[in-house]
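Just final35.tsv here, TSV, C-alpha atoms:
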```tsv
chain	number	residue	atom	x	y	z
A	5	MET	CA	131.24	155.95	91.46
A	6	ASN	CA	130.95	152.28	92.22
A	7	GLY	CA	134.24	150.54	93.05
A	8	ASP	CA	134.23	148.38	89.94
A	9	CYS	CA	135.42	150.97	87.44
A	10	ASN	CA	136.58	149.42	84.22
A	11	GLY	CA	137.73	152.34	82.14
A	12	ASP	CA	134.65	153.13	80.08
A	13	LEU	CA	132.51	155.78	81.73
A	14	THR	CA	129.31	154.52	80.09
A	15	VAL	CA	129.88	151.01	81.49
A	16	ASP	CA	130.71	152.41	84.93
A	17	LEU	CA	127.58	154.58	84.92
A	18	ARG	CA	125.40	151.62	83.92
A	19	SER	CA	126.97	149.59	86.72
A	20	ASN	CA	126.17	152.37	89.18
A	21	ILE	CA	122.59	152.61	87.92
A	22	ALA	CA	122.21	148.88	88.54
A	23	ALA	CA	123.77	149.19	92.01
A	24	GLU	CA	121.38	151.99	92.96
A	25	SER	CA	118.46	149.87	91.76
A	26	ARG	CA	119.58	146.89	93.87
A	27	ALA	CA	120.07	149.10	96.92
A	28	LYS	CA	116.61	150.68	96.56
A	29	ILE	CA	114.97	147.24	96.46
A	30	THR	CA	116.98	146.18	99.53
A	31	TYR	CA	115.65	149.20	101.48
A	32	GLU	CA	112.12	148.36	100.33
A	33	TYR	CA	112.52	144.84	101.75
A	34	LEU	CA	114.03	146.13	104.99
A	35	LEU	CA	111.09	148.51	105.47
A	36	GLN	CA	108.81	145.47	105.72
A	37	PHE	CA	110.64	144.15	108.79
A	38	THR	CA	110.30	147.03	111.23
A	39	ASP	CA	107.58	149.00	112.94
A	40	ASP	CA	109.98	151.49	114.50
A	41	PRO	CA	109.08	154.90	113.02
A	42	TYR	CA	112.64	156.22	113.31
A	43	VAL	CA	114.11	153.18	111.57
A	44	LYS	CA	111.43	153.50	108.88
A	45	GLU	CA	112.24	157.19	108.42
A	46	THR	CA	115.94	156.40	108.11
A	47	LEU	CA	115.38	153.57	105.64
A	48	ASN	CA	112.97	155.70	103.62
A	49	PHE	CA	115.55	158.50	103.45
A	50	LEU	CA	118.27	156.08	102.33
A	51	MET	CA	115.95	154.48	99.77
A	52	THR	CA	115.07	157.90	98.40
A	53	ARG	CA	118.76	158.82	98.07
A	54	GLU	CA	119.22	155.72	95.88
A	55	VAL	CA	116.52	157.14	93.58
A	56	ALA	CA	118.35	160.48	93.49
A	57	HIS	CA	121.66	158.77	92.68
A	58	PHE	CA	119.99	156.64	89.99
A	59	GLN	CA	118.68	159.80	88.32
A	60	MET	CA	122.07	161.51	88.51
A	61	PHE	CA	123.89	158.56	86.95
A	62	GLU	CA	121.18	158.21	84.31
A	63	ALA	CA	121.45	161.92	83.40
A	64	ALA	CA	125.24	161.65	83.22
A	65	LEU	CA	124.93	158.60	80.94
A	66	ASP	CA	122.46	160.45	78.70
A	67	SER	CA	124.93	163.35	78.40
A	68	ILE	CA	127.50	161.07	76.74
A	69	GLN	CA	126.66	160.55	73.09
A	70	PRO	CA	127.05	158.12	71.57
A	71	ASN	CA	126.90	155.85	74.61
A	72	PHE	CA	125.96	152.60	72.93
A	73	PRO	CA	127.57	150.24	72.42
A	74	PRO	CA	129.97	150.81	75.33
A	75	GLY	CA	133.60	151.25	74.40
A	76	VAL	CA	134.99	152.17	71.01
A	77	LEU	CA	134.41	149.17	68.77
A	78	GLN	CA	130.99	148.64	67.25
A	79	SER	CA	129.16	145.32	67.18
A	80	ASP	CA	129.23	143.02	64.17
A	81	PRO	CA	126.06	143.68	62.14
A	82	ARG	CA	125.90	140.00	61.15
A	83	TYR	CA	125.05	139.02	64.72
A	84	SER	CA	123.79	142.09	66.63
A	85	ASN	CA	120.12	141.37	65.92
A	86	LEU	CA	120.07	137.55	66.05
A	87	TYR	CA	117.90	135.92	68.70
A	88	PHE	CA	118.50	132.22	69.26
A	89	ASN	CA	115.55	130.32	70.69
A	90	MET	CA	117.27	128.19	73.33
A	91	SER	CA	114.12	127.04	75.11
A	92	ASN	CA	112.91	123.45	75.18
A	93	GLY	CA	109.28	124.45	75.32
A	94	ALA	CA	107.09	127.19	74.03
A	95	ALA	CA	108.72	129.94	72.03
A	96	VAL	CA	108.29	133.18	73.96
A	97	ARG	CA	108.28	136.35	71.92
A	98	GLY	CA	108.62	139.91	73.12
A	99	PRO	CA	110.46	143.18	72.46
A	100	TRP	CA	113.75	141.41	73.17
A	101	ASN	CA	113.35	139.14	70.11
A	102	GLN	CA	110.76	140.62	67.75
A	103	GLY	CA	110.22	143.96	66.10
A	104	GLU	CA	113.10	146.43	66.20
A	105	SER	CA	116.06	146.49	68.57
A	106	SER	CA	116.09	149.37	71.03
A	107	GLN	CA	119.43	150.92	70.14
A	108	PHE	CA	120.13	150.27	66.45
A	109	GLY	CA	116.55	149.94	65.22
A	110	GLU	CA	117.48	146.65	63.60
A	111	THR	CA	114.82	144.02	62.91
A	112	TRP	CA	115.25	141.04	65.22
A	113	GLN	CA	116.05	137.82	63.37
A	114	TYR	CA	114.41	134.96	65.28
A	115	ILE	CA	116.38	131.73	64.93
A	116	ASP	CA	113.95	128.99	65.97
A	117	ASP	CA	116.44	126.11	65.55
A	118	PRO	CA	119.91	127.40	66.48
A	119	VAL	CA	121.72	124.10	65.85
A	120	ALA	CA	120.38	123.82	62.31
A	121	TYR	CA	121.14	127.51	61.68
A	122	VAL	CA	124.75	127.15	62.82
A	123	LEU	CA	125.19	124.10	60.58
A	124	GLU	CA	123.57	125.83	57.58
A	125	THR	CA	125.76	128.91	57.96
A	126	ASN	CA	129.09	127.12	58.33
A	127	GLY	CA	129.39	127.85	62.04
A	128	LEU	CA	127.96	131.37	61.50
A	129	LEU	CA	130.84	132.25	59.13
A	130	ASP	CA	128.49	132.57	56.15
A	131	VAL	CA	125.95	134.84	57.86
A	132	ALA	CA	125.24	138.10	56.07
A	133	PRO	CA	123.78	141.13	57.85
A	134	THR	CA	119.97	140.95	57.66
A	135	GLY	CA	117.39	143.39	58.99
A	136	THR	CA	119.92	146.17	59.39
A	137	PRO	CA	121.38	148.89	57.19
A	138	ARG	CA	124.73	148.44	58.97
A	139	THR	CA	127.55	146.72	57.09
A	140	PRO	CA	130.94	145.39	58.20
A	141	GLU	CA	132.59	148.12	56.11
A	142	GLY	CA	130.49	150.84	57.71
A	143	VAL	CA	131.27	149.48	61.16
A	144	ALA	CA	135.00	149.51	60.35
A	145	GLU	CA	134.74	153.20	59.41
A	146	ILE	CA	132.91	154.03	62.66
A	147	ASP	CA	135.51	152.04	64.63
A	148	LYS	CA	138.32	154.10	63.07
A	149	GLY	CA	136.56	157.39	63.75
A	150	MET	CA	135.67	156.48	67.34
A	151	SER	CA	139.21	155.24	68.00
A	152	LYS	CA	140.67	158.51	66.76
A	153	GLU	CA	138.16	160.61	68.72
A	154	ARG	CA	138.67	158.69	71.98
A	155	GLY	CA	142.44	158.73	71.50
A	156	MET	CA	142.38	162.53	71.22
A	157	GLU	CA	140.17	162.77	74.33
A	158	ILE	CA	142.63	160.62	76.29
A	159	ASP	CA	145.65	162.54	75.01
A	160	ALA	CA	144.00	165.82	76.04
A	161	ALA	CA	143.17	164.50	79.52
A	162	VAL	CA	146.52	162.90	80.38
A	163	PRO	CA	149.36	165.16	81.50
A	164	ILE	CA	152.54	165.01	79.46
A	165	GLY	CA	155.42	163.28	81.24
A	166	GLU	CA	155.90	160.45	83.66
A	167	GLN	CA	152.73	159.23	85.35
A	168	ALA	CA	152.26	158.19	88.97
A	169	TRP	CA	149.55	156.17	90.71
A	170	SER	CA	149.11	158.61	93.56
A	171	GLN	CA	150.22	161.99	94.85
A	172	GLN	CA	152.42	160.18	97.39
A	173	GLU	CA	154.16	158.30	94.56
A	174	LYS	CA	154.50	161.55	92.60
A	175	ASP	CA	156.11	163.26	95.61
A	176	LYS	CA	158.47	160.30	96.05
A	177	GLN	CA	159.48	160.48	92.38
A	178	ALA	CA	160.19	164.20	92.73
A	179	THR	CA	162.49	163.71	95.74
A	180	ASP	CA	164.25	160.66	94.22
A	181	GLU	CA	165.12	162.40	90.94
A	182	PRO	CA	168.10	164.74	90.90
A	183	ALA	CA	167.47	168.24	89.59
A	184	LYS	CA	168.64	168.83	86.04
A	185	GLY	CA	172.36	169.44	85.89
A	186	LYS	CA	172.90	168.44	89.56
A	187	LYS	CA	174.06	165.18	91.02
A	188	LYS	CA	171.95	163.36	93.53
A	189	ARG	CA	173.30	163.50	97.07
A	190	LYS	CA	174.19	160.23	98.76
```
Write the structure described by the file as structure tokens, please.
Amino acid sequence: MNGDCNGDLTVDLRSNIAAESRAKITYEYLLQFTDDPYVKETLNFLMTREVAHFQMFEAALDSIQPNFPPGVLQSDPRYSNLYFNMSNGAAVRGPWNQGESSQFGETWQYIDDPVAYVLETNGLLDVAPTGTPRTPEGVAEIDKGMSKERGMEIDAAVPIGEQAWSQQEKDKQATDEPAKGKKKRK
């Protein structure tokens, strides 16, 4: 796993997928700067391993369901499908701001004039979910269920008793604590 673990396996796997992608592109660039066949063979091997790692992390991510959104809490259905046109020129449309969203299947709401929209909706406080069957109440129910499920997973995975950061710390704790019913020697 990449060194930037942040406690949610789906986030960590996505981070690793991105790291493998960046590394593959780096090897592609490096291959352009050498004619040495042995260096090329080495770089090609390393580049290919990035592809293998990408596929492994992607398969691991796919095995975790649900894996979107990351974490436990769901997104607010009032805002999860809003696209604010922040450009000063032509409005560019694409799958990121029209049609249905990739994960929730919500219809994108294109906000052409974000400033006017924010003013009309009392700073977004008066926005109602649009283009989605999700509701704040439904999201709250999912949040409760996911919290309970993840809590049980954590409880099952964490040993009962005092925790230690490392085996060395665990060994130190064991030698520093007197046995039950016996006094610690000085």
Checklist line | Selected residue, from A:Pro41, A:Gly75, A:Gly155, A:Pro133, that lies nearest to Asp12 (chain A) when counting all atoms listed in the file | finding: A:Gly75
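Nearest to Asp147 (chain A) of all the residues A:Glu110, A:Glu166, A:Asp80, A:Asp16 is A:Asp80, based on only C-alpha atoms.
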Margin query: Report as JSON, numbers by chain all protein, DNA and RNA residues lying within 10 Å of Val143 (chain A), evaluated on all atoms listed in the file, omitting residues in the same chain fewer than 3 positions from it.
Written below: {"A": [77, 78, 79, 80, 81, 138, 139, 140, 146, 147, 148, 149]}
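Contact shell of region 87-91 of chain A at 12 Å (all atoms listed in the file; same-chain neighbours under 4 positions omitted): A:Arg82, A:Tyr83, A:Ala95, A:Val96, A:Arg97, A:Gly98, A:Pro99, A:Trp100, A:Asn101, A:Gln102, A:Gly103, A:Glu104, A:Ser105, A:Glu110, A:Thr111, A:Trp112, A:Gln113, A:Tyr114, A:Ile115, A:Asp116, A:Asp117, A:Pro118, A:Val119, A:Ala120, A:Tyr121, A:Val122.
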Could you save the residues just selected, with C-alpha atoms, as a CSV table (one decimal), in the coordinates of the input?
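Result file is again_3.csv:
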```
chain,number,residue,atom,x,y,z
A,82,ARG,CA,125.9,140.0,61.2
A,83,TYR,CA,125.0,139.0,64.7
A,95,ALA,CA,108.7,129.9,72.0
A,96,VAL,CA,108.3,133.2,74.0
A,97,ARG,CA,108.3,136.4,71.9
A,98,GLY,CA,108.6,139.9,73.1
A,99,PRO,CA,110.5,143.2,72.5
A,100,TRP,CA,113.8,141.4,73.2
A,101,ASN,CA,113.4,139.1,70.1
A,102,GLN,CA,110.8,140.6,67.8
A,103,GLY,CA,110.2,144.0,66.1
A,104,GLU,CA,113.1,146.4,66.2
A,105,SER,CA,116.1,146.5,68.6
A,110,GLU,CA,117.5,146.6,63.6
A,111,THR,CA,114.8,144.0,62.9
A,112,TRP,CA,115.2,141.0,65.2
A,113,GLN,CA,116.0,137.8,63.4
A,114,TYR,CA,114.4,135.0,65.3
A,115,ILE,CA,116.4,131.7,64.9
A,116,ASP,CA,114.0,129.0,66.0
A,117,ASP,CA,116.4,126.1,65.6
A,118,PRO,CA,119.9,127.4,66.5
A,119,VAL,CA,121.7,124.1,65.8
A,120,ALA,CA,120.4,123.8,62.3
A,121,TYR,CA,121.1,127.5,61.7
A,122,VAL,CA,124.8,127.2,62.8
```
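Put simply, CA of Ala160 (chain A) is 22.4 Å away from CA of Glu173 (chain A).
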Notebook entry, point to check: A:Phe49, A:Gly127, A:Pro74, A:Ala94: which is nearest Gln107 (chain A), counting all atoms listed in the file?
Noted result: A:Pro74
Next item on the list: Scan for residues within 7 Å of the point (129.6, 155.1, 78.3) in the coordinates of the file, using only C-alpha atoms, and reply as a PyMOL selection string.
Entry: chain A and resi 12-15+17+65+68+71-72+74-75
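Ranking A:Ile21, A:Ala168, A:Leu35, A:Ile158 by their shortest atom-to-atom distance to Ala64 (chain A), with only C-alpha atoms included, puts A:Ile21 first.
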Could you model N, CA and C atoms for region 47-70 of chain A and present them as a JSON list (two decimals), in the frame of the given file?
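Printed below is result24.json as written:
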```
[["chain", "number", "residue", "atom", "x", "y", "z"],
["A", 47, "LEU", "N", 115.36, 154.42, 106.82],
["A", 47, "LEU", "CA", 115.38, 153.57, 105.64],
["A", 47, "LEU", "C", 114.72, 154.26, 104.44],
["A", 48, "ASN", "N", 113.64, 154.98, 104.70],
["A", 48, "ASN", "CA", 112.97, 155.70, 103.62],
["A", 48, "ASN", "C", 113.89, 156.78, 103.04],
["A", 49, "PHE", "N", 114.60, 157.49, 103.92],
["A", 49, "PHE", "CA", 115.55, 158.50, 103.45],
["A", 49, "PHE", "C", 116.63, 157.86, 102.59],
["A", 50, "LEU", "N", 117.21, 156.76, 103.08],
["A", 50, "LEU", "CA", 118.27, 156.08, 102.33],
["A", 50, "LEU", "C", 117.76, 155.56, 100.99],
["A", 51, "MET", "N", 116.55, 154.97, 100.99],
["A", 51, "MET", "CA", 115.95, 154.48, 99.77],
["A", 51, "MET", "C", 115.76, 155.62, 98.77],
["A", 52, "THR", "N", 115.31, 156.75, 99.26],
["A", 52, "THR", "CA", 115.07, 157.90, 98.40],
["A", 52, "THR", "C", 116.38, 158.43, 97.82],
["A", 53, "ARG", "N", 117.46, 158.39, 98.59],
["A", 53, "ARG", "CA", 118.76, 158.82, 98.07],
["A", 53, "ARG", "C", 119.21, 157.91, 96.92],
["A", 54, "GLU", "N", 118.87, 156.62, 96.99],
["A", 54, "GLU", "CA", 119.22, 155.72, 95.88],
["A", 54, "GLU", "C", 118.52, 156.18, 94.60],
["A", 55, "VAL", "N", 117.27, 156.63, 94.74],
["A", 55, "VAL", "CA", 116.52, 157.14, 93.58],
["A", 55, "VAL", "C", 117.22, 158.39, 93.04],
["A", 56, "ALA", "N", 117.64, 159.27, 93.93],
["A", 56, "ALA", "CA", 118.35, 160.48, 93.49],
["A", 56, "ALA", "C", 119.64, 160.12, 92.76],
["A", 57, "HIS", "N", 120.40, 159.18, 93.32],
["A", 57, "HIS", "CA", 121.66, 158.77, 92.68],
["A", 57, "HIS", "C", 121.39, 158.13, 91.31],
["A", 58, "PHE", "N", 120.37, 157.27, 91.25],
["A", 58, "PHE", "CA", 119.99, 156.64, 89.99],
["A", 58, "PHE", "C", 119.77, 157.71, 88.92],
["A", 59, "GLN", "N", 118.99, 158.74, 89.28],
["A", 59, "GLN", "CA", 118.68, 159.80, 88.32],
["A", 59, "GLN", "C", 119.93, 160.57, 87.90],
["A", 60, "MET", "N", 120.84, 160.80, 88.84],
["A", 60, "MET", "CA", 122.07, 161.51, 88.51],
["A", 60, "MET", "C", 122.92, 160.71, 87.53],
["A", 61, "PHE", "N", 123.09, 159.41, 87.83],
["A", 61, "PHE", "CA", 123.89, 158.56, 86.95],
["A", 61, "PHE", "C", 123.23, 158.43, 85.58],
["A", 62, "GLU", "N", 121.90, 158.32, 85.57],
["A", 62, "GLU", "CA", 121.18, 158.21, 84.31],
["A", 62, "GLU", "C", 121.35, 159.49, 83.47],
["A", 63, "ALA", "N", 121.26, 160.65, 84.11],
["A", 63, "ALA", "CA", 121.45, 161.92, 83.40],
["A", 63, "ALA", "C", 122.88, 162.05, 82.87],
["A", 64, "ALA", "N", 123.84, 161.61, 83.68],
["A", 64, "ALA", "CA", 125.24, 161.65, 83.22],
["A", 64, "ALA", "C", 125.43, 160.73, 82.02],
["A", 65, "LEU", "N", 124.84, 159.54, 82.07],
["A", 65, "LEU", "CA", 124.93, 158.60, 80.94],
["A", 65, "LEU", "C", 124.30, 159.21, 79.69],
["A", 66, "ASP", "N", 123.14, 159.83, 79.84],
["A", 66, "ASP", "CA", 122.46, 160.45, 78.70],
["A", 66, "ASP", "C", 123.27, 161.60, 78.10],
["A", 67, "SER", "N", 124.14, 162.22, 78.90],
["A", 67, "SER", "CA", 124.93, 163.35, 78.40],
["A", 67, "SER", "C", 126.10, 162.90, 77.54],
["A", 68, "ILE", "N", 126.41, 161.62, 77.55],
["A", 68, "ILE", "CA", 127.50, 161.07, 76.74],
["A", 68, "ILE", "C", 126.89, 160.48, 75.48],
["A", 69, "GLN", "N", 127.20, 161.06, 74.35],
["A", 69, "GLN", "CA", 126.66, 160.55, 73.09],
["A", 69, "GLN", "C", 127.78, 160.39, 72.08],
["A", 70, "PRO", "N", 127.87, 159.30, 71.38],
["A", 70, "PRO", "CA", 127.05, 158.12, 71.57],
["A", 70, "PRO", "C", 127.48, 157.37, 72.82]]
```
